[in-house]
Structure formats: structure tokens, C-alpha cells
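K.L.:
Just so it is clear, I am handing over model_28.cif, which has mmCIF, C-alpha atoms and all ligand atoms.
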data_protein
loop_
_atom_site.group_PDB
_atom_site.id
_atom_site.type_symbol
_atom_site.label_atom_id
_atom_site.label_comp_id
_atom_site.auth_asym_id
_atom_site.auth_seq_id
_atom_site.Cartn_x
_atom_site.Cartn_y
_atom_site.Cartn_z
ATOM 1 C CA MET A 1 21.144 -22.969 -22.597
ATOM 2 C CA LYS A 2 17.588 -24.211 -21.989
ATOM 3 C CA LYS A 3 14.943 -22.741 -24.291
ATOM 4 C CA ILE A 4 11.647 -21.645 -22.784
ATOM 5 C CA ALA A 5 8.413 -20.272 -24.164
ATOM 6 C CA VAL A 6 6.281 -17.644 -22.482
ATOM 7 C CA LEU A 7 2.518 -17.608 -22.964
ATOM 8 C CA ALA A 8 0.796 -14.325 -22.138
ATOM 9 C CA SER A 9 -2.578 -12.714 -22.794
ATOM 10 C CA GLY A 10 -2.061 -9.233 -21.425
ATOM 11 C CA SER A 11 0.409 -6.399 -20.884
ATOM 12 C CA GLY A 12 3.340 -8.754 -20.226
ATOM 13 C CA SER A 13 5.067 -7.023 -17.308
ATOM 14 C CA ASN A 14 5.983 -10.465 -15.965
ATOM 15 C CA LEU A 15 7.295 -11.359 -19.431
ATOM 16 C CA GLN A 16 9.351 -8.175 -19.394
ATOM 17 C CA ALA A 17 10.968 -9.195 -16.115
ATOM 18 C CA LEU A 18 11.924 -12.530 -17.689
ATOM 19 C CA ILE A 19 13.283 -10.759 -20.786
ATOM 20 C CA ASP A 20 15.350 -8.414 -18.623
ATOM 21 C CA GLN A 21 16.598 -10.874 -16.001
ATOM 22 C CA VAL A 22 16.567 -14.410 -17.450
ATOM 23 C CA HIS A 23 16.733 -14.171 -21.261
ATOM 24 C CA GLY A 24 20.289 -14.797 -22.450
ATOM 25 C CA GLN A 25 21.373 -15.672 -18.907
ATOM 26 C CA GLU A 26 20.029 -18.853 -17.263
ATOM 27 C CA GLY A 27 17.879 -19.526 -20.295
ATOM 28 C CA LEU A 28 16.645 -18.318 -23.646
ATOM 29 C CA ILE A 29 13.088 -17.200 -24.406
ATOM 30 C CA ALA A 30 12.735 -18.923 -27.780
ATOM 31 C CA VAL A 31 9.186 -17.759 -28.475
ATOM 32 C CA VAL A 32 6.359 -15.723 -26.938
ATOM 33 C CA LEU A 33 2.822 -16.823 -27.743
ATOM 34 C CA SER A 34 -0.477 -15.059 -27.111
ATOM 35 C CA ASN A 35 -4.120 -15.857 -27.718
ATOM 36 C CA ARG A 36 -4.711 -12.113 -28.085
ATOM 37 C CA GLN A 37 -3.469 -10.365 -31.218
ATOM 38 C CA ASN A 38 -3.156 -7.001 -29.471
ATOM 39 C CA ALA A 39 -1.526 -8.285 -26.292
ATOM 40 C CA TYR A 40 1.242 -5.841 -25.415
ATOM 41 C CA ALA A 41 3.266 -8.877 -24.360
ATOM 42 C CA LEU A 42 3.760 -9.594 -28.092
ATOM 43 C CA GLU A 43 5.070 -6.070 -28.598
ATOM 44 C CA ARG A 44 7.510 -6.517 -25.721
ATOM 45 C CA ALA A 45 8.790 -9.691 -27.392
ATOM 46 C CA ARG A 46 9.215 -7.957 -30.757
ATOM 47 C CA LYS A 47 11.165 -5.135 -29.135
ATOM 48 C CA ALA A 48 13.490 -7.758 -27.652
ATOM 49 C CA ASN A 49 13.825 -9.491 -31.047
ATOM 50 C CA ILE A 50 12.110 -12.579 -29.675
ATOM 51 C CA PRO A 51 9.731 -14.477 -32.027
ATOM 52 C CA ALA A 52 6.206 -13.308 -31.150
ATOM 53 C CA VAL A 53 3.264 -15.442 -32.275
ATOM 54 C CA PHE A 54 -0.450 -14.688 -32.132
ATOM 55 C CA ALA A 55 -2.281 -18.016 -32.036
ATOM 56 C CA ASP A 56 -5.871 -17.313 -33.000
ATOM 57 C CA ARG A 57 -8.239 -19.554 -31.049
ATOM 58 C CA LYS A 58 -10.962 -18.899 -33.653
ATOM 59 C CA GLN A 59 -8.875 -20.798 -36.222
ATOM 60 C CA SER A 60 -9.350 -24.000 -34.230
ATOM 61 C CA ALA A 61 -12.522 -26.055 -33.851
ATOM 62 C CA HIS A 62 -11.871 -26.853 -30.181
ATOM 63 C CA ASP A 63 -9.402 -26.325 -27.354
ATOM 64 C CA SER A 64 -7.475 -29.543 -28.030
ATOM 65 C CA GLU A 65 -6.865 -28.589 -31.658
ATOM 66 C CA TYR A 66 -5.723 -25.150 -30.512
ATOM 67 C CA ASP A 67 -3.295 -26.606 -27.994
ATOM 68 C CA GLN A 68 -2.010 -29.027 -30.631
ATOM 69 C CA LYS A 69 -1.124 -26.014 -32.815
ATOM 70 C CA ILE A 70 0.597 -24.356 -29.844
ATOM 71 C CA LEU A 71 2.500 -27.576 -29.124
ATOM 72 C CA GLN A 72 3.727 -27.635 -32.726
ATOM 73 C CA ILE A 73 5.016 -24.078 -32.393
ATOM 74 C CA LEU A 74 6.739 -24.924 -29.091
ATOM 75 C CA GLN A 75 8.383 -27.995 -30.586
ATOM 76 C CA ALA A 76 9.444 -26.076 -33.689
ATOM 77 C CA HIS A 77 11.346 -23.728 -31.358
ATOM 78 C CA ASP A 78 12.900 -26.600 -29.332
ATOM 79 C CA VAL A 79 11.142 -25.350 -26.198
ATOM 80 C CA GLU A 80 11.926 -27.390 -23.065
ATOM 81 C CA ALA A 81 9.722 -25.529 -20.592
ATOM 82 C CA VAL A 82 6.789 -23.138 -20.641
ATOM 83 C CA VAL A 83 6.039 -20.115 -18.443
ATOM 84 C CA LEU A 84 2.458 -18.856 -18.185
ATOM 85 C CA ALA A 85 2.741 -15.134 -17.469
ATOM 86 C CA GLY A 86 -0.834 -13.912 -17.384
ATOM 87 C CA TYR A 87 -2.116 -16.467 -19.875
ATOM 88 C CA LEU A 88 -5.884 -16.461 -19.622
ATOM 89 C CA ARG A 89 -6.609 -19.874 -21.094
ATOM 90 C CA ILE A 90 -6.817 -23.226 -19.320
ATOM 91 C CA LEU A 91 -4.351 -25.701 -20.834
ATOM 92 C CA THR A 92 -5.632 -29.030 -22.149
ATOM 93 C CA PRO A 93 -3.859 -32.332 -21.360
ATOM 94 C CA ILE A 94 -2.172 -32.040 -24.781
ATOM 95 C CA LEU A 95 0.173 -29.374 -23.435
ATOM 96 C CA ILE A 96 0.188 -30.496 -19.786
ATOM 97 C CA ASP A 97 1.212 -34.044 -20.703
ATOM 98 C CA ALA A 98 3.812 -32.889 -23.244
ATOM 99 C CA TYR A 99 5.470 -30.660 -20.626
ATOM 100 C CA LYS A 100 4.846 -32.586 -17.383
ATOM 101 C CA ASN A 101 6.264 -30.607 -14.440
ATOM 102 C CA LYS A 102 7.754 -28.170 -16.935
ATOM 103 C CA ILE A 103 5.001 -25.587 -17.063
ATOM 104 C CA ILE A 104 5.288 -22.750 -14.535
ATOM 105 C CA ASN A 105 2.426 -20.371 -13.725
ATOM 106 C CA ILE A 106 2.230 -17.247 -11.593
ATOM 107 C CA HIS A 107 -1.023 -16.618 -9.768
ATOM 108 C CA PRO A 108 -1.689 -13.322 -7.949
ATOM 109 C CA SER A 109 -2.779 -14.768 -4.595
ATOM 110 C CA LEU A 110 -1.447 -17.085 -1.892
ATOM 111 C CA ILE A 111 -2.704 -20.442 -3.201
ATOM 112 C CA PRO A 112 -4.894 -22.233 -1.995
ATOM 113 C CA SER A 113 -6.733 -18.982 -1.263
ATOM 114 C CA PHE A 114 -8.502 -17.040 -4.010
ATOM 115 C CA CYS A 115 -7.637 -19.422 -6.831
ATOM 116 C CA GLY A 116 -9.226 -22.022 -9.081
ATOM 117 C CA ASP A 117 -12.056 -21.681 -11.570
ATOM 118 C CA GLY A 118 -13.011 -18.064 -12.235
ATOM 119 C CA TYR A 119 -10.206 -16.574 -10.128
ATOM 120 C CA TYR A 120 -8.091 -14.565 -12.570
ATOM 121 C CA GLY A 121 -7.016 -10.954 -13.024
ATOM 122 C CA MET A 122 -9.033 -8.409 -11.066
ATOM 123 C CA ARG A 123 -11.480 -11.078 -9.907
ATOM 124 C CA VAL A 124 -8.752 -12.348 -7.591
ATOM 125 C CA HIS A 125 -8.144 -8.949 -6.019
ATOM 126 C CA GLN A 126 -11.854 -8.131 -5.794
ATOM 127 C CA ALA A 127 -12.329 -11.367 -3.824
ATOM 128 C CA VAL A 128 -9.360 -10.464 -1.600
ATOM 129 C CA TYR A 129 -10.893 -7.007 -1.018
ATOM 130 C CA ASP A 130 -14.340 -8.446 -0.285
ATOM 131 C CA SER A 131 -12.874 -10.939 2.196
ATOM 132 C CA GLY A 132 -11.054 -8.301 4.257
ATOM 133 C CA VAL A 133 -7.885 -10.403 4.600
ATOM 134 C CA LYS A 134 -4.804 -8.583 5.852
ATOM 135 C CA VAL A 135 -2.344 -10.690 3.890
ATOM 136 C CA THR A 136 -2.390 -11.615 0.232
ATOM 137 C CA GLY A 137 0.467 -12.179 -2.204
ATOM 138 C CA ALA A 138 1.572 -14.233 -5.192
ATOM 139 C CA THR A 139 2.343 -17.870 -5.918
ATOM 140 C CA VAL A 140 4.525 -19.476 -8.567
ATOM 141 C CA HIS A 141 3.638 -23.112 -9.133
ATOM 142 C CA PHE A 142 3.908 -25.969 -11.583
ATOM 143 C CA VAL A 143 0.830 -26.531 -13.720
ATOM 144 C CA ASP A 144 -0.943 -29.872 -13.444
ATOM 145 C CA SER A 145 -4.342 -31.021 -14.675
ATOM 146 C CA GLY A 146 -6.195 -28.850 -12.160
ATOM 147 C CA VAL A 147 -6.630 -25.057 -12.079
ATOM 148 C CA ASP A 148 -3.943 -23.448 -9.882
ATOM 149 C CA THR A 149 -3.350 -26.801 -8.145
ATOM 150 C CA GLY A 150 0.160 -27.925 -9.138
ATOM 151 C CA PRO A 151 3.153 -28.122 -6.738
ATOM 152 C CA ILE A 152 3.964 -24.692 -5.304
ATOM 153 C CA ILE A 153 7.484 -23.413 -6.035
ATOM 154 C CA LEU A 154 7.628 -20.003 -4.323
ATOM 155 C CA GLN A 155 5.215 -17.655 -2.557
ATOM 156 C CA GLN A 156 5.564 -14.106 -1.295
ATOM 157 C CA ALA A 157 3.165 -12.274 1.012
ATOM 158 C CA VAL A 158 1.877 -8.717 0.727
ATOM 159 C CA SER A 159 0.424 -7.012 3.822
ATOM 160 C CA LEU A 160 -2.765 -5.004 3.474
ATOM 161 C CA THR A 161 -3.925 -2.115 5.650
ATOM 162 C CA GLY A 162 -7.599 -2.557 4.822
ATOM 163 C CA ARG A 163 -7.667 0.858 3.097
ATOM 164 C CA GLU A 164 -6.654 -0.417 -0.343
ATOM 165 C CA GLN A 165 -9.154 -0.637 -3.176
ATOM 166 C CA PRO A 166 -8.926 -3.771 -5.372
ATOM 167 C CA GLU A 167 -6.821 -1.897 -7.947
ATOM 168 C CA GLU A 168 -4.313 -0.941 -5.256
ATOM 169 C CA ILE A 169 -4.180 -4.535 -4.052
ATOM 170 C CA ALA A 170 -3.489 -5.646 -7.636
ATOM 171 C CA ALA A 171 -0.685 -3.103 -7.966
ATOM 172 C CA LYS A 172 0.910 -4.111 -4.648
ATOM 173 C CA VAL A 173 0.844 -7.783 -5.649
ATOM 174 C CA LEU A 174 2.074 -7.191 -9.208
ATOM 175 C CA GLU A 175 5.035 -5.307 -7.731
ATOM 176 C CA ILE A 176 6.326 -8.488 -6.028
ATOM 177 C CA GLU A 177 5.299 -10.896 -8.789
ATOM 178 C CA HIS A 178 8.122 -9.965 -11.124
ATOM 179 C CA GLY A 179 10.948 -10.831 -8.730
ATOM 180 C CA LEU A 180 9.157 -13.983 -7.567
ATOM 181 C CA LEU A 181 8.651 -15.291 -11.093
ATOM 182 C CA VAL A 182 12.227 -14.500 -12.109
ATOM 183 C CA GLU A 183 13.561 -16.290 -9.006
ATOM 184 C CA ALA A 184 11.377 -19.363 -9.613
ATOM 185 C CA VAL A 185 12.305 -19.595 -13.304
ATOM 186 C CA LYS A 186 16.008 -19.242 -12.483
ATOM 187 C CA LEU A 187 15.716 -22.027 -9.872
ATOM 188 C CA PHE A 188 13.997 -24.210 -12.454
ATOM 189 C CA LEU A 189 16.511 -23.509 -15.202
ATOM 190 C CA THR A 190 19.409 -24.324 -12.871
ATOM 191 C CA ASP A 191 17.746 -27.584 -11.764
ATOM 192 C CA GLN A 192 17.344 -26.524 -8.133
ATOM 193 C CA ILE A 193 13.703 -27.562 -7.770
ATOM 194 C CA GLU A 194 12.918 -31.094 -6.614
ATOM 195 C CA ILE A 195 9.293 -32.231 -6.708
ATOM 196 C CA VAL A 196 8.300 -34.649 -3.928
ATOM 197 C CA GLN A 197 4.634 -35.640 -4.272
ATOM 198 C CA ARG A 198 2.578 -32.432 -3.933
ATOM 199 C CA ARG A 199 5.393 -30.191 -2.775
ATOM 200 C CA THR A 200 8.719 -28.889 -3.981
ATOM 201 C CA ILE A 201 12.081 -28.759 -2.266
ATOM 202 C CA ILE A 202 14.599 -26.092 -3.307
ATOM 203 C CA ARG A 203 18.088 -27.605 -3.377
HETATM 204 C C1 LIG A 301 -0.424 -11.018 -13.225
HETATM 205 O O1 LIG A 301 -1.101 -10.418 -12.149
HETATM 206 C C2 LIG A 301 -0.356 -12.501 -13.023
HETATM 207 O O2 LIG A 301 -0.273 -12.879 -11.674
HETATM 208 C C3 LIG A 301 -1.655 -12.968 -13.573
HETATM 209 O O3 LIG A 301 -1.901 -12.140 -14.704
HETATM 210 C C4 LIG A 301 -1.217 -10.909 -14.506
HETATM 211 C C5 LIG A 301 -0.316 -10.690 -15.687
HETATM 212 O O4 LIG A 301 0.196 -9.412 -15.674
HETATM 213 N N1 LIG A 301 -1.599 -14.358 -13.951
HETATM 214 P P1 LIG A 301 1.247 -9.034 -16.832
HETATM 215 O O5 LIG A 301 0.557 -9.270 -18.155
HETATM 216 O O6 LIG A 301 2.440 -9.930 -16.647
HETATM 217 O O7 LIG A 301 1.571 -7.587 -16.589
#
How would this structure read if it were set down as C-alpha cells?
Ligand code: GRF

P.N.:
Amino acid sequence: MKKIAVLASGSGSNLQALIDQVHGQEGLIAVVLSNRQNAYALERARKANIPAVFADRKQSAHDSEYDQKILQILQAHDVEAVVLAGYLRILTPILIDAYKNKIINIHPSLIPSFCGDGYYGMRVHQAVYDSGVKVTGATVHFVDSGVDTGPIILQQAVSLTGREQPEEIAAKVLEIEHGLLVEAVKLFLTDQIEIVQRRTIIR
């Protein structure tokens, strides 16, 4: 059974979906890491008896040293793939190169809209609200050296009426994220995703 790690900085509802629907089935969550000591995601891991590690960025001189420490933890747990489930740090090449095409991220918009530098959390949904678009959604993609630019695995749309406030948009999108991430991770763990240049083909 393939071992994965989940990196999370927040409440971990996406992590919880992976715990409930993937862990012990298509794969095993060997470790959950967070850059935030009080991230509820760590509590969710503990409740599921999954090793939960707070990696304190302040203990490292720079991002590369921090990622080197994270890499050591991943390797110590025999991790073969990494899922970013609301992880609010940009990965350095140390992790990206070590897990080429094996790092999966979920972004709460339909990439290439409302993504890239500065587009995270509520900033995404505020931008969606400000733009007046009638369709938003979520994207699960592989992580490459860019920000939200790796090959897209799955996307799901969410229709908007124009009456929603940004918080309501966030809630509507989060609602579909969990199933999308679980489906993408299952496809990955059962080797059903083929990467052909900048796109993926689901076998
Ligand atoms: C989700 O909206 C995800 O798309 C984004 O961060 C949020 C994480 O939520 N990357 P949670 O911590 O999984 O509840």
C-alpha cells in the first residue's frame, strides 16, 4: 500500500476526507505535517492515530533548510507521494525535485483563473466575488516549480447566482473540494493518471 504524506496549514477538512475515504484503502497516510502548531489538521491526524508533526519554520534559517527538514521527515516515513491540503507555503525545488509529479495540490478555483502568487484562502473567493463570474470551482493538480501551474488532474465547477458573499462562495467550493481531492488521490494511488506534457490523461 503506497504511503502518502499530507501537508496542511489550516482546519484540515480536506485532510479529513482523505482520512475517511483513502487512508487504509488505496493508500496509507504515513504522516501529517503542518507549519502551524495549532493547525486543527494536526488534531485530526492525532485523532486518527496518524503521526502528526509540527515543523517550525522559525527553527530554520531559510526556506531550503526548512524543506530539507520536511524531506527528512517524509523519507523517514517512507512517503512516496505528498498531498498539499491547504498548505500555505510555497515548496522549494528541494521537495519538488524529490517528488517530481508526485505532489498533488488542491486549489479553490478553476485554474488558470484566480490562481498564482497571492491567490490563497479567502483572497481567491474575494477575487471571484469582485469579478462577478457565474462559475467558479476547484482544481486538483500536480505541483511543479510554478505556483498553481502543474498539470491539472481534475476540476469541478460551482455555479454562482451573483447573490453570494465571498464566504458563501468559499463554502460552496469547499463542499465539492473534498470529493474532488479524494477522487484525484485515488486515481493517483491506483496509477490511473498519465501525464503527457502539460496535461493529464485518466486511464
Ligand atoms: C481549501 O479551500 C483548499 O482549496 C485550499 O485551502 C483550503 C483548505 O481547507 N488550498 P481545509 O484546511 O482542508 O479545510

K.L.:
Produce a table with one row for each residue of chain A that has an atom at most 9 Å from any atom of ligand LIG 301 (chain A), each row naming the nearest atom pair and its distance in Å at one decimal; use all atoms listed in the file; arrange rows by chain and rising residue number; format as CSV.

P.N.:
residue,atom,partner,partner_atom,distance
A:Ala8,CA,A:LIG301,O5,6.4
A:Ser9,CA,A:LIG301,O5,6.6
A:Gly10,CA,A:LIG301,O5,4.2
A:Ser11,CA,A:LIG301,O5,4.0
A:Gly12,CA,A:LIG301,O5,3.5
A:Ser13,CA,A:LIG301,O7,3.6
A:Asn14,CA,A:LIG301,O6,3.6
A:Leu15,CA,A:LIG301,O6,5.8
A:Gln16,CA,A:LIG301,O6,7.6
A:Ala17,CA,A:LIG301,O6,8.6
A:Ala39,CA,A:LIG301,O5,8.5
A:Tyr40,CA,A:LIG301,O5,8.1
A:Ala41,CA,A:LIG301,O5,6.8
A:Leu84,CA,A:LIG301,N1,7.4
A:Ala85,CA,A:LIG301,O6,5.3
A:Gly86,CA,A:LIG301,O3,3.4
A:Tyr87,CA,A:LIG301,N1,6.3
A:Leu88,CA,A:LIG301,N1,7.4
A:Asn105,CA,A:LIG301,N1,7.2
A:Ile106,CA,A:LIG301,O2,5.0
A:His107,CA,A:LIG301,O2,4.3
A:Pro108,CA,A:LIG301,O2,4.0
A:Ser109,CA,A:LIG301,O2,7.7
A:Tyr120,CA,A:LIG301,N1,6.6
A:Gly121,CA,A:LIG301,O3,5.5
A:Met122,CA,A:LIG301,O1,8.3
A:Ala138,CA,A:LIG301,O2,6.9
A:Thr139,CA,A:LIG301,O2,8.1
A:Val140,CA,A:LIG301,O2,8.7
A:Ala170,CA,A:LIG301,O1,7.0
A:Ala171,CA,A:LIG301,O1,8.4
A:Val173,CA,A:LIG301,O1,7.3
A:Leu174,CA,A:LIG301,O1,5.4
A:Glu177,CA,A:LIG301,O2,6.6
A:His178,CA,A:LIG301,O6,7.9

K.L.:
Residues of the last selection are to be written out with C-alpha atoms, as a compact mmCIF listing (two decimals), in the frame of the given file.

P.N.:
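After the write, again.txt holds the following:
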# COMPACT_ATOMS: atom_id res chain seq x y z
CA ALA A 8 0.80 -14.32 -22.14
CA SER A 9 -2.58 -12.71 -22.79
CA GLY A 10 -2.06 -9.23 -21.42
CA SER A 11 0.41 -6.40 -20.88
CA GLY A 12 3.34 -8.75 -20.23
CA SER A 13 5.07 -7.02 -17.31
CA ASN A 14 5.98 -10.46 -15.96
CA LEU A 15 7.30 -11.36 -19.43
CA GLN A 16 9.35 -8.18 -19.39
CA ALA A 17 10.97 -9.20 -16.11
CA ALA A 39 -1.53 -8.28 -26.29
CA TYR A 40 1.24 -5.84 -25.42
CA ALA A 41 3.27 -8.88 -24.36
CA LEU A 84 2.46 -18.86 -18.18
CA ALA A 85 2.74 -15.13 -17.47
CA GLY A 86 -0.83 -13.91 -17.38
CA TYR A 87 -2.12 -16.47 -19.88
CA LEU A 88 -5.88 -16.46 -19.62
CA ASN A 105 2.43 -20.37 -13.72
CA ILE A 106 2.23 -17.25 -11.59
CA HIS A 107 -1.02 -16.62 -9.77
CA PRO A 108 -1.69 -13.32 -7.95
CA SER A 109 -2.78 -14.77 -4.60
CA TYR A 120 -8.09 -14.56 -12.57
CA GLY A 121 -7.02 -10.95 -13.02
CA MET A 122 -9.03 -8.41 -11.07
CA ALA A 138 1.57 -14.23 -5.19
CA THR A 139 2.34 -17.87 -5.92
CA VAL A 140 4.53 -19.48 -8.57
CA ALA A 170 -3.49 -5.65 -7.64
CA ALA A 171 -0.68 -3.10 -7.97
CA VAL A 173 0.84 -7.78 -5.65
CA LEU A 174 2.07 -7.19 -9.21
CA GLU A 177 5.30 -10.90 -8.79
CA HIS A 178 8.12 -9.96 -11.12

K.L.:
Name every residue that the PyMOL selection byres (((chain A and resi 183) around 10) and not hetatm) selects in this structure, writing the answer as an MDAnalysis selection string with chains first and numbers rising.

P.N.:
chainID A and resid 18 21:22 140 153:154 177:182 184:189

K.L.:
For the file shown, what are the residues hit by the PyMOL selection byres (((chain A and resi 80) around 10) and not hetatm), laid out as a ChimeraX atom specification?

P.N.:
/A:2-5,30,74-75,77-79,81-82,98-99,102-103,189

K.L.:
For Asn35 of chain A, which residue out of A:Ile176, A:Ala127, A:Leu7, A:Ile94 is the nearest one, using all atoms listed in the file?

P.N.:
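Comparing A:Ile176, A:Ala127, A:Leu7, A:Ile94 against Asn35 of chain A, the winner is A:Leu7.
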
K.L.:
In Å, with one decimal, what is the gap from atom CA of Ile19 of chain A to atom CA of Arg199 of chain A?

P.N.:
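The value is 27.6 Å.
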
K.L.:
Tell me which of A:Ile96, A:Leu42, A:Val128, A:Val6 sits closest to Ile73 of chain A, counting all atoms listed in the file.

P.N.:
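Between A:Ile96, A:Leu42, A:Val128, A:Val6, the residue approaching Ile73 of chain A most closely is A:Val6.
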
K.L.:
Measuring atom to atom with all atoms listed in the file, identify which of A:Ile104, A:Ala48, A:Ile169, A:Val147 is nearest to Gly132 of chain A.

P.N.:
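The closest residue to Gly132 of chain A is A:Ile169.
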
K.L.:
Of the candidates A:Leu71, A:Val32, A:Ile201, A:Leu160, which shows the shortest atom-to-atom distance to Ser131 of chain A, using only C-alpha atoms?

P.N.:
A:Leu160

K.L.:
Near Asn49 of chain A, within 10 Å and counting all atoms listed in the file, which residues show up once chain neighbours fewer than 5 positions away are dropped, as an MDAnalysis selection string?

P.N.:
chainID A and resid 31 43:44

K.L.:
Taking the file as shown, find all residues satisfying the PyMOL selection byres (((chain A and resi 136) around 6) and not hetatm) and write them as a list in words.

P.N.:
Ser109, Leu110, Val135, Gly137, Ala157 and Val158 of chain A

K.L.:
Excluding Gly162 of chain A and any residue of its chain fewer than 4 positions from it, enumerate the residues within 9 Å of it, using only C-alpha atoms, and give them as a ChimeraX atom specification.

P.N.:
/A:129,132-134
